[in-house]
Amino acid sequence: MKQLETTALRYSNGALDVLDQRRLPGEVHWHRCQDGEDLVALIQGLAIRGAPLIGVAAALWVGHCAERDDERDKLIATISQLRSSRPTAVNLMNDLDRLLNQIDKGADNATLVEEAIAIIDEDIALCVAMSEHGAALLQDGDNILTHCNTGGLATAGVGTALGVIITAHQQGKNISVWVDETRPLLQGARLTTWELEQAGVPYRLICDSTAASLMAQGKVDSILVGADRIACNGDFANKVGTYSVAVLAKYHGIPFYVVAPQTTVDLNCMHGDTIPIELRNANEVRGASGSFGSCTWSPTDAAAYNPAFDVTPAELVSGWILDSGVYTHEQVKAGALVSGDHL
Ligand code: MRU
């Protein structure tokens, strides 16, 4: 397979290295992936995270297995093992199903390698397209609020919501960003700040609970978030806390956009109610851990509830920024997310 390098993945000489996002921003540590089980553990532990990146990393691994001549049954077993690593981000299932379809059609291993590379190259191109569509909506002087991390660490390219922000900045628009810390795992505080610093975009980190008063004071002009799964009716799942941001945006009359590639749309899911929501370990809520160390601030066995995502209903969304364009409510209601038709 050709040599590949993205912000969070490197493939060369038959080896896959992944940037361990659990250790950022304190430590830039690349981990050499040992086998399928190791990759599953990296995905489940959030060393590799972000909906598009999970799909891309899994596809890359299957391409690697095809290149080292794994047999059909073994490839199918690897796909099924990776497919169940995390339940909410549908990019994982969409990307792996693409490879499985090739196997079902009798494709040889060389074709599977090509398909895996195509998935990665396409993700980079989808990011560029979304970012350009979204950047056109931002005005000079805008203060934008974002939640979680949706940049190069979460995709193979420039990102989804963060890709829009970075692209607008590169176009010379004077924008600044309010970064939600994104409890409990702090993807905003640890990762989005790191990426914005590298891109030279002005930002300020806020506690999640600060967003409401900023909106009330007129200090937020628009909100951009990513998605882990978009239902055909426009409801979408994203990092827990996104729904509260959307409700606040509606109350304050602030545009709220979701930015995602077509690989995040689930054609089999009609409505947000049926999106599976990952429940994670209670310890993530009881304290925090990272390159800074570990601590528990609650009683050790405090009862806790830790859904990793929530669902934002379509009625709270101002526009769906996809690689194929910006979709309105009327278009989504007319089935544009399903047909891919941008009216
Ligand atoms: O649990 P994570 O860190 O994988 O969750 C990531 C998110 O919720 C992102 O907002 C989403 O994947 C969009 S990324 C481009």
# chains A, B, ... in the order shown; residues from 1 in each chain; ligands from 1

call {"tool": "residues_around", "arguments": {"residues": "Gly293 (chain A)", "least_positions_apart": "3", "cutoff": "12 Å", "atoms": "only C-alpha atoms", "output": "list in words"}}
result
Arg22, Arg23, Leu24, Gly26, Glu27, Gly287, Ala288, Ser289, Gly290 and Thr296 of chain A

call {"tool": "residues_around", "arguments": {"residues": "Arg204 (chain A)", "least_positions_apart": "4", "cutoff": "12 Å", "atoms": "only C-alpha atoms", "output": "MDAnalysis selection string"}}
result
chainID A and resid 143:146 175:181 188:189 192:194 196:197 210:211 214

call {"tool": "residues_near_ligand", "arguments": {"ligand": "ligand 1", "cutoff": "7 Å", "atoms": "only C-alpha atoms and all ligand atoms", "output": "list in words"}}
result
Leu46, Arg49, Gly50, Ala51, Pro52, Ala89, His147, Cys148, Asn149, Thr150, Gly151, Ala154, Thr155, Gly159, Thr160, Ala161, Gln187, Val225, Gly226, Ala227, Asp228, Asn238, Lys239, Ala260, Ala308 and Phe309 of chain A

call {"tool": "write_last_selection", "arguments": {"atoms": "N, CA, C and O atoms", "output": "mmCIF file, in the first residue's frame"}}
result
data_model
loop_
_atom_site.group_PDB
_atom_site.id
_atom_site.type_symbol
_atom_site.label_atom_id
_atom_site.label_comp_id
_atom_site.auth_asym_id
_atom_site.auth_seq_id
_atom_site.Cartn_x
_atom_site.Cartn_y
_atom_site.Cartn_z
ATOM 1 N N LEU A 46 -10.367 5.481 22.683
ATOM 2 C CA LEU A 46 -10.345 6.843 22.137
ATOM 3 C C LEU A 46 -8.934 7.376 21.825
ATOM 4 O O LEU A 46 -8.710 8.576 21.778
ATOM 5 N N ARG A 49 -10.148 8.485 17.385
ATOM 6 C CA ARG A 49 -11.536 8.884 17.624
ATOM 7 C C ARG A 49 -11.991 9.874 16.555
ATOM 8 O O ARG A 49 -11.206 10.309 15.731
ATOM 9 N N GLY A 50 -13.293 10.238 16.631
ATOM 10 C CA GLY A 50 -13.865 11.104 15.607
ATOM 11 C C GLY A 50 -14.460 10.213 14.529
ATOM 12 O O GLY A 50 -13.799 9.284 14.041
ATOM 13 N N ALA A 51 -15.719 10.495 14.184
ATOM 14 C CA ALA A 51 -16.457 9.566 13.325
ATOM 15 C C ALA A 51 -15.724 9.217 12.016
ATOM 16 O O ALA A 51 -15.515 8.031 11.722
ATOM 17 N N PRO A 52 -15.313 10.198 11.199
ATOM 18 C CA PRO A 52 -14.674 9.812 9.937
ATOM 19 C C PRO A 52 -13.352 9.070 10.155
ATOM 20 O O PRO A 52 -13.056 8.099 9.452
ATOM 21 N N ALA A 89 -20.908 6.081 15.748
ATOM 22 C CA ALA A 89 -20.432 6.701 14.496
ATOM 23 C C ALA A 89 -20.630 5.734 13.329
ATOM 24 O O ALA A 89 -20.006 4.677 13.265
ATOM 25 N N HIS A 147 -18.209 22.499 19.539
ATOM 26 C CA HIS A 147 -18.258 21.495 20.607
ATOM 27 C C HIS A 147 -17.470 20.267 20.162
ATOM 28 O O HIS A 147 -17.527 19.884 19.002
ATOM 29 N N CYS A 148 -16.732 19.668 21.070
ATOM 30 C CA CYS A 148 -15.933 18.465 20.804
ATOM 31 C C CYS A 148 -14.776 18.778 19.856
ATOM 32 O O CYS A 148 -14.395 19.945 19.687
ATOM 33 N N ASN A 149 -14.218 17.760 19.214
ATOM 34 C CA ASN A 149 -13.134 17.977 18.247
ATOM 35 C C ASN A 149 -13.522 17.394 16.911
ATOM 36 O O ASN A 149 -13.915 16.228 16.814
ATOM 37 N N THR A 150 -13.402 18.212 15.881
ATOM 38 C CA THR A 150 -13.873 17.819 14.545
ATOM 39 C C THR A 150 -12.854 18.188 13.463
ATOM 40 O O THR A 150 -13.216 18.450 12.334
ATOM 41 N N GLY A 151 -11.583 18.213 13.828
ATOM 42 C CA GLY A 151 -10.562 18.646 12.868
ATOM 43 C C GLY A 151 -9.797 17.497 12.245
ATOM 44 O O GLY A 151 -10.317 16.397 12.047
ATOM 45 N N ALA A 154 -9.856 14.153 13.790
ATOM 46 C CA ALA A 154 -11.103 13.375 13.743
ATOM 47 C C ALA A 154 -11.420 12.880 12.334
ATOM 48 O O ALA A 154 -12.428 12.185 12.138
ATOM 49 N N THR A 155 -10.589 13.247 11.371
ATOM 50 C CA THR A 155 -10.829 12.892 9.963
ATOM 51 C C THR A 155 -9.468 12.612 9.300
ATOM 52 O O THR A 155 -8.422 12.802 9.927
ATOM 53 N N GLY A 159 -10.960 18.335 8.359
ATOM 54 C CA GLY A 159 -11.989 18.243 9.378
ATOM 55 C C GLY A 159 -13.374 18.560 8.850
ATOM 56 O O GLY A 159 -13.556 18.834 7.661
ATOM 57 N N THR A 160 -14.336 18.528 9.787
ATOM 58 C CA THR A 160 -15.726 18.857 9.423
ATOM 59 C C THR A 160 -16.009 20.285 9.920
ATOM 60 O O THR A 160 -15.661 21.248 9.243
ATOM 61 N N ALA A 161 -16.591 20.430 11.122
ATOM 62 C CA ALA A 161 -16.863 21.780 11.642
ATOM 63 C C ALA A 161 -15.561 22.579 11.781
ATOM 64 O O ALA A 161 -15.490 23.753 11.395
ATOM 65 N N GLN A 187 -12.477 16.624 24.746
ATOM 66 C CA GLN A 187 -11.951 16.689 23.372
ATOM 67 C C GLN A 187 -11.770 18.139 22.924
ATOM 68 O O GLN A 187 -10.890 18.440 22.122
ATOM 69 N N VAL A 225 -21.011 22.333 14.537
ATOM 70 C CA VAL A 225 -20.655 21.075 15.205
ATOM 71 C C VAL A 225 -20.564 19.963 14.159
ATOM 72 O O VAL A 225 -21.067 20.106 13.042
ATOM 73 N N GLY A 226 -19.936 18.868 14.538
ATOM 74 C CA GLY A 226 -19.872 17.703 13.660
ATOM 75 C C GLY A 226 -21.010 16.744 13.969
ATOM 76 O O GLY A 226 -21.940 17.078 14.704
ATOM 77 N N ALA A 227 -20.915 15.543 13.413
ATOM 78 C CA ALA A 227 -21.941 14.521 13.671
ATOM 79 C C ALA A 227 -21.317 13.138 13.609
ATOM 80 O O ALA A 227 -20.329 12.920 12.893
ATOM 81 N N ASP A 228 -21.899 12.244 14.369
ATOM 82 C CA ASP A 228 -21.470 10.833 14.330
ATOM 83 C C ASP A 228 -22.425 9.975 13.524
ATOM 84 O O ASP A 228 -22.055 8.909 13.038
ATOM 85 N N ASN A 238 -24.345 13.466 18.043
ATOM 86 C CA ASN A 238 -22.990 14.004 18.162
ATOM 87 C C ASN A 238 -22.602 13.952 19.643
ATOM 88 O O ASN A 238 -23.406 13.545 20.496
ATOM 89 N N LYS A 239 -21.379 14.363 19.925
ATOM 90 C CA LYS A 239 -20.858 14.311 21.297
ATOM 91 C C LYS A 239 -21.861 14.867 22.302
ATOM 92 O O LYS A 239 -22.484 15.898 22.050
ATOM 93 N N ALA A 260 -20.924 17.569 8.151
ATOM 94 C CA ALA A 260 -20.533 16.150 8.090
ATOM 95 C C ALA A 260 -20.443 15.689 6.639
ATOM 96 O O ALA A 260 -21.108 16.235 5.761
ATOM 97 N N ALA A 308 -22.105 8.718 25.700
ATOM 98 C CA ALA A 308 -21.063 9.478 24.998
ATOM 99 C C ALA A 308 -21.643 10.472 23.991
ATOM 100 O O ALA A 308 -20.949 11.388 23.556
ATOM 101 N N PHE A 309 -22.899 10.270 23.611
ATOM 102 C CA PHE A 309 -23.500 11.100 22.564
ATOM 103 C C PHE A 309 -24.920 11.483 22.964
ATOM 104 O O PHE A 309 -25.516 10.855 23.830
#

call {"tool": "residues_around", "arguments": {"residues": "region 329-332 of chain A", "least_positions_apart": "4", "cutoff": "9 Å", "atoms": "only C-alpha atoms", "output": "list in words"}}
result
Cys232, Asn233, Gly234, Ala314, Glu315, Val317, Ser318, Gly319, Trp320, Ala336, Leu337, Val338, Asp341, His342 and Leu343 of chain A

call {"tool": "write_last_selection", "arguments": {"atoms": "C-alpha atoms", "output": "mmCIF file, in the first residue's frame"}}
result
data_model
loop_
_atom_site.group_PDB
_atom_site.id
_atom_site.type_symbol
_atom_site.label_atom_id
_atom_site.label_comp_id
_atom_site.auth_asym_id
_atom_site.auth_seq_id
_atom_site.Cartn_x
_atom_site.Cartn_y
_atom_site.Cartn_z
ATOM 1 C CA CYS A 232 -32.621 10.543 6.963
ATOM 2 C CA ASN A 233 -34.959 13.094 8.591
ATOM 3 C CA GLY A 234 -32.003 15.288 9.620
ATOM 4 C CA ALA A 314 -33.718 18.329 12.968
ATOM 5 C CA GLU A 315 -35.994 21.188 14.034
ATOM 6 C CA VAL A 317 -30.731 22.724 12.926
ATOM 7 C CA SER A 318 -30.367 25.830 10.722
ATOM 8 C CA GLY A 319 -28.582 23.983 7.915
ATOM 9 C CA TRP A 320 -26.825 20.695 7.126
ATOM 10 C CA ALA A 336 -32.354 15.257 -0.015
ATOM 11 C CA LEU A 337 -30.116 13.507 2.544
ATOM 12 C CA VAL A 338 -31.284 10.162 1.166
ATOM 13 C CA ASP A 341 -29.893 15.637 -4.487
ATOM 14 C CA HIS A 342 -28.978 19.177 -3.733
ATOM 15 C CA LEU A 343 -32.007 21.004 -5.062
#

call {"tool": "select_by_dssp", "arguments": {"residues": "region 158-235 of chain A", "states": "strand (DSSP E or B)", "output": "PyMOL selection string"}}
result
chain A and resi 176-180+203-206+222-225+229-230

call {"tool": "select_by_dssp", "arguments": {"residues": "region 179-314 of chain A", "states": "alpha helix (DSSP H)", "output": "PyMOL selection string"}}
result
chain A and resi 187+193-199+211-216+242-252+283-286

call {"tool": "closest_residue", "arguments": {"among": "A:Leu205, A:Ile119, A:Gly172, A:Ala77", "to": "Leu191 (chain A)", "atoms": "only C-alpha atoms"}}
result
A:Leu205

call {"tool": "atom_distance", "arguments": {"atom1": "CA of Arg32 (chain A)", "atom2": "CA of Leu153 (chain A)"}}
result
16.9 Å

call {"tool": "residues_around", "arguments": {"residues": "Ala304 (chain A)", "least_positions_apart": "3", "cutoff": "12 Å", "atoms": "only C-alpha atoms", "output": "number ranges by chain"}}
result
A: 184, 279-287, 298-301, 307

call {"tool": "write_last_selection", "arguments": {"atoms": "N, CA and C atoms", "output": "short mmCIF file (atom, residue, chain, number, x, y, z; two decimals), in the first residue's frame"}}
result
data_model
loop_
_atom_site.label_atom_id
_atom_site.label_comp_id
_atom_site.auth_asym_id
_atom_site.auth_seq_id
_atom_site.Cartn_x
_atom_site.Cartn_y
_atom_site.Cartn_z
N PRO A 184 -17.29 14.65 29.22
CA PRO A 184 -16.30 14.36 30.25
C PRO A 184 -14.87 14.15 29.72
N LEU A 279 -22.77 3.86 25.68
CA LEU A 279 -22.64 4.15 27.11
C LEU A 279 -21.22 3.81 27.51
N ARG A 280 -20.53 4.74 28.15
CA ARG A 280 -19.13 4.51 28.48
C ARG A 280 -18.93 4.37 30.00
N ASN A 281 -17.70 4.04 30.34
CA ASN A 281 -17.36 3.72 31.72
C ASN A 281 -17.63 4.89 32.68
N ALA A 282 -18.18 4.56 33.83
CA ALA A 282 -18.53 5.57 34.83
C ALA A 282 -17.30 6.36 35.30
N ASN A 283 -16.13 5.74 35.26
CA ASN A 283 -14.92 6.43 35.74
C ASN A 283 -14.62 7.71 34.94
N GLU A 284 -15.10 7.77 33.69
CA GLU A 284 -14.85 8.97 32.88
C GLU A 284 -15.57 10.19 33.48
N VAL A 285 -16.68 9.92 34.20
CA VAL A 285 -17.44 11.01 34.81
C VAL A 285 -16.96 11.26 36.24
N ARG A 286 -16.43 10.21 36.86
CA ARG A 286 -16.00 10.34 38.26
C ARG A 286 -14.72 11.15 38.41
N GLY A 287 -14.01 11.35 37.30
CA GLY A 287 -12.74 12.08 37.37
C GLY A 287 -12.21 12.33 35.99
N SER A 298 -14.99 12.21 42.63
CA SER A 298 -16.22 11.79 43.30
C SER A 298 -15.86 10.67 44.27
N PRO A 299 -16.82 10.26 45.14
CA PRO A 299 -16.55 9.02 45.89
C PRO A 299 -16.20 7.93 44.87
N THR A 300 -15.28 7.06 45.21
CA THR A 300 -14.74 6.10 44.23
C THR A 300 -15.83 5.33 43.49
N ASP A 301 -16.90 4.96 44.22
CA ASP A 301 -17.93 4.16 43.58
C ASP A 301 -19.19 4.97 43.27
N PRO A 307 -23.54 8.57 28.91
CA PRO A 307 -23.76 8.39 27.46
C PRO A 307 -22.76 9.27 26.71
#

call {"tool": "closest_residue", "arguments": {"among": "A:Ser222, A:Ser339, A:Glu71, A:Gln262", "to": "Ala125 (chain A)", "atoms": "only C-alpha atoms"}}
result
A:Gln262

call {"tool": "atom_distance", "arguments": {"atom1": "CA of Thr264 (chain A)", "atom2": "CA of Asn91 (chain A)"}}
result
5.2 Å

call {"tool": "decode", "arguments": {"residues": "region 303-334 of chain A", "atoms": "N, CA, C and O atoms", "output": "CSV table (one decimal), in the first residue's frame"}}
result
chain,number,residue,atom,x,y,z
A,303,ALA,N,-22.4,6.5,41.9
A,303,ALA,CA,-23.2,6.0,40.8
A,303,ALA,C,-23.1,7.1,39.7
A,303,ALA,O,-23.2,8.3,40.0
A,304,ALA,N,-22.9,6.7,38.4
A,304,ALA,CA,-22.8,7.7,37.4
A,304,ALA,C,-23.4,7.1,36.1
A,304,ALA,O,-23.6,5.9,35.9
A,305,TYR,N,-23.8,8.0,35.2
A,305,TYR,CA,-24.4,7.7,33.9
A,305,TYR,C,-23.6,8.4,32.9
A,305,TYR,O,-23.4,9.6,33.0
A,306,ASN,N,-23.1,7.7,31.9
A,306,ASN,CA,-22.2,8.3,30.9
A,306,ASN,C,-22.4,8.0,29.5
A,306,ASN,O,-21.7,7.3,28.8
A,307,PRO,N,-23.5,8.6,28.9
A,307,PRO,CA,-23.8,8.4,27.5
A,307,PRO,C,-22.8,9.3,26.7
A,307,PRO,O,-22.6,10.4,27.0
A,308,ALA,N,-22.1,8.7,25.7
A,308,ALA,CA,-21.1,9.5,25.0
A,308,ALA,C,-21.6,10.5,24.0
A,308,ALA,O,-20.9,11.4,23.6
A,309,PHE,N,-22.9,10.3,23.6
A,309,PHE,CA,-23.5,11.1,22.6
A,309,PHE,C,-24.9,11.5,23.0
A,309,PHE,O,-25.5,10.9,23.8
A,310,ASP,N,-25.5,12.5,22.3
A,310,ASP,CA,-26.9,12.8,22.4
A,310,ASP,C,-27.4,13.1,21.0
A,310,ASP,O,-26.7,13.2,20.1
A,311,VAL,N,-28.7,13.1,20.9
A,311,VAL,CA,-29.4,13.3,19.6
A,311,VAL,C,-30.0,14.7,19.5
A,311,VAL,O,-30.8,15.1,20.4
A,312,THR,N,-29.7,15.4,18.5
A,312,THR,CA,-30.3,16.8,18.3
A,312,THR,C,-31.3,16.6,17.2
A,312,THR,O,-31.0,16.1,16.1
A,313,PRO,N,-32.6,17.1,17.5
A,313,PRO,CA,-33.6,16.9,16.5
A,313,PRO,C,-33.4,17.9,15.4
A,313,PRO,O,-32.9,19.0,15.6
A,314,ALA,N,-33.9,17.5,14.2
A,314,ALA,CA,-33.7,18.3,13.0
A,314,ALA,C,-34.3,19.7,13.1
A,314,ALA,O,-33.7,20.7,12.6
A,315,GLU,N,-35.4,19.9,13.9
A,315,GLU,CA,-36.0,21.2,14.0
A,315,GLU,C,-35.1,22.2,14.6
A,315,GLU,O,-35.3,23.4,14.5
A,316,LEU,N,-34.0,21.8,15.3
A,316,LEU,CA,-33.1,22.8,15.9
A,316,LEU,C,-31.9,23.1,15.0
A,316,LEU,O,-31.1,24.0,15.4
A,317,VAL,N,-31.9,22.5,13.8
A,317,VAL,CA,-30.7,22.7,12.9
A,317,VAL,C,-31.1,23.8,11.9
A,317,VAL,O,-32.1,23.8,11.3
A,318,SER,N,-30.1,24.8,11.7
A,318,SER,CA,-30.4,25.8,10.7
A,318,SER,C,-30.0,25.4,9.3
A,318,SER,O,-30.5,25.8,8.3
A,319,GLY,N,-29.0,24.5,9.2
A,319,GLY,CA,-28.6,24.0,7.9
A,319,GLY,C,-27.6,22.8,8.1
A,319,GLY,O,-26.9,22.7,9.1
A,320,TRP,N,-27.7,21.9,7.1
A,320,TRP,CA,-26.8,20.7,7.1
A,320,TRP,C,-25.7,20.9,6.1
A,320,TRP,O,-26.0,21.0,4.9
A,321,ILE,N,-24.5,21.1,6.5
A,321,ILE,CA,-23.4,21.4,5.6
A,321,ILE,C,-22.7,20.0,5.3
A,321,ILE,O,-22.0,19.5,6.1
A,322,LEU,N,-23.0,19.6,4.1
A,322,LEU,CA,-22.4,18.3,3.6
A,322,LEU,C,-21.4,18.6,2.5
A,322,LEU,O,-21.3,19.7,2.0
A,323,ASP,N,-20.7,17.6,2.1
A,323,ASP,CA,-19.8,17.8,1.0
A,323,ASP,C,-20.5,18.2,-0.3
A,323,ASP,O,-19.9,18.8,-1.2
A,324,SER,N,-21.8,17.8,-0.4
A,324,SER,CA,-22.5,18.1,-1.6
A,324,SER,C,-23.2,19.5,-1.6
A,324,SER,O,-23.8,19.9,-2.5
A,325,GLY,N,-23.1,20.1,-0.5
A,325,GLY,CA,-23.7,21.5,-0.4
A,325,GLY,C,-24.4,21.7,1.0
A,325,GLY,O,-24.3,20.9,1.9
A,326,VAL,N,-25.0,22.8,1.1
A,326,VAL,CA,-25.7,23.2,2.3
A,326,VAL,C,-27.2,22.9,2.1
A,326,VAL,O,-27.8,23.5,1.2
A,327,TYR,N,-27.8,22.1,3.0
A,327,TYR,CA,-29.2,21.7,2.8
A,327,TYR,C,-30.1,22.4,3.8
A,327,TYR,O,-29.7,22.6,5.0
A,328,THR,N,-31.2,22.8,3.3
A,328,THR,CA,-32.2,23.5,4.1
A,328,THR,C,-33.2,22.5,4.7
A,328,THR,O,-33.2,21.3,4.3
A,329,HIS,N,-34.1,23.0,5.6
A,329,HIS,CA,-35.1,22.1,6.1
A,329,HIS,C,-36.0,21.6,5.0
A,329,HIS,O,-36.4,20.4,5.0
A,330,GLU,N,-36.4,22.4,4.1
A,330,GLU,CA,-37.3,22.0,3.0
A,330,GLU,C,-36.6,20.9,2.2
A,330,GLU,O,-37.3,19.9,1.9
A,331,GLN,N,-35.3,21.0,1.9
A,331,GLN,CA,-34.6,20.0,1.2
A,331,GLN,C,-34.5,18.7,1.9
A,331,GLN,O,-34.7,17.6,1.4
A,332,VAL,N,-34.2,18.8,3.2
A,332,VAL,CA,-34.1,17.6,4.1
A,332,VAL,C,-35.5,16.9,4.2
A,332,VAL,O,-35.6,15.7,4.0
A,333,LYS,N,-36.5,17.7,4.3
A,333,LYS,CA,-37.9,17.1,4.4
A,333,LYS,C,-38.2,16.4,3.1
A,333,LYS,O,-39.0,15.5,3.1
A,334,ALA,N,-37.7,17.0,2.0
A,334,ALA,CA,-38.0,16.4,0.7
A,334,ALA,C,-37.1,15.2,0.4
A,334,ALA,O,-37.2,14.6,-0.7
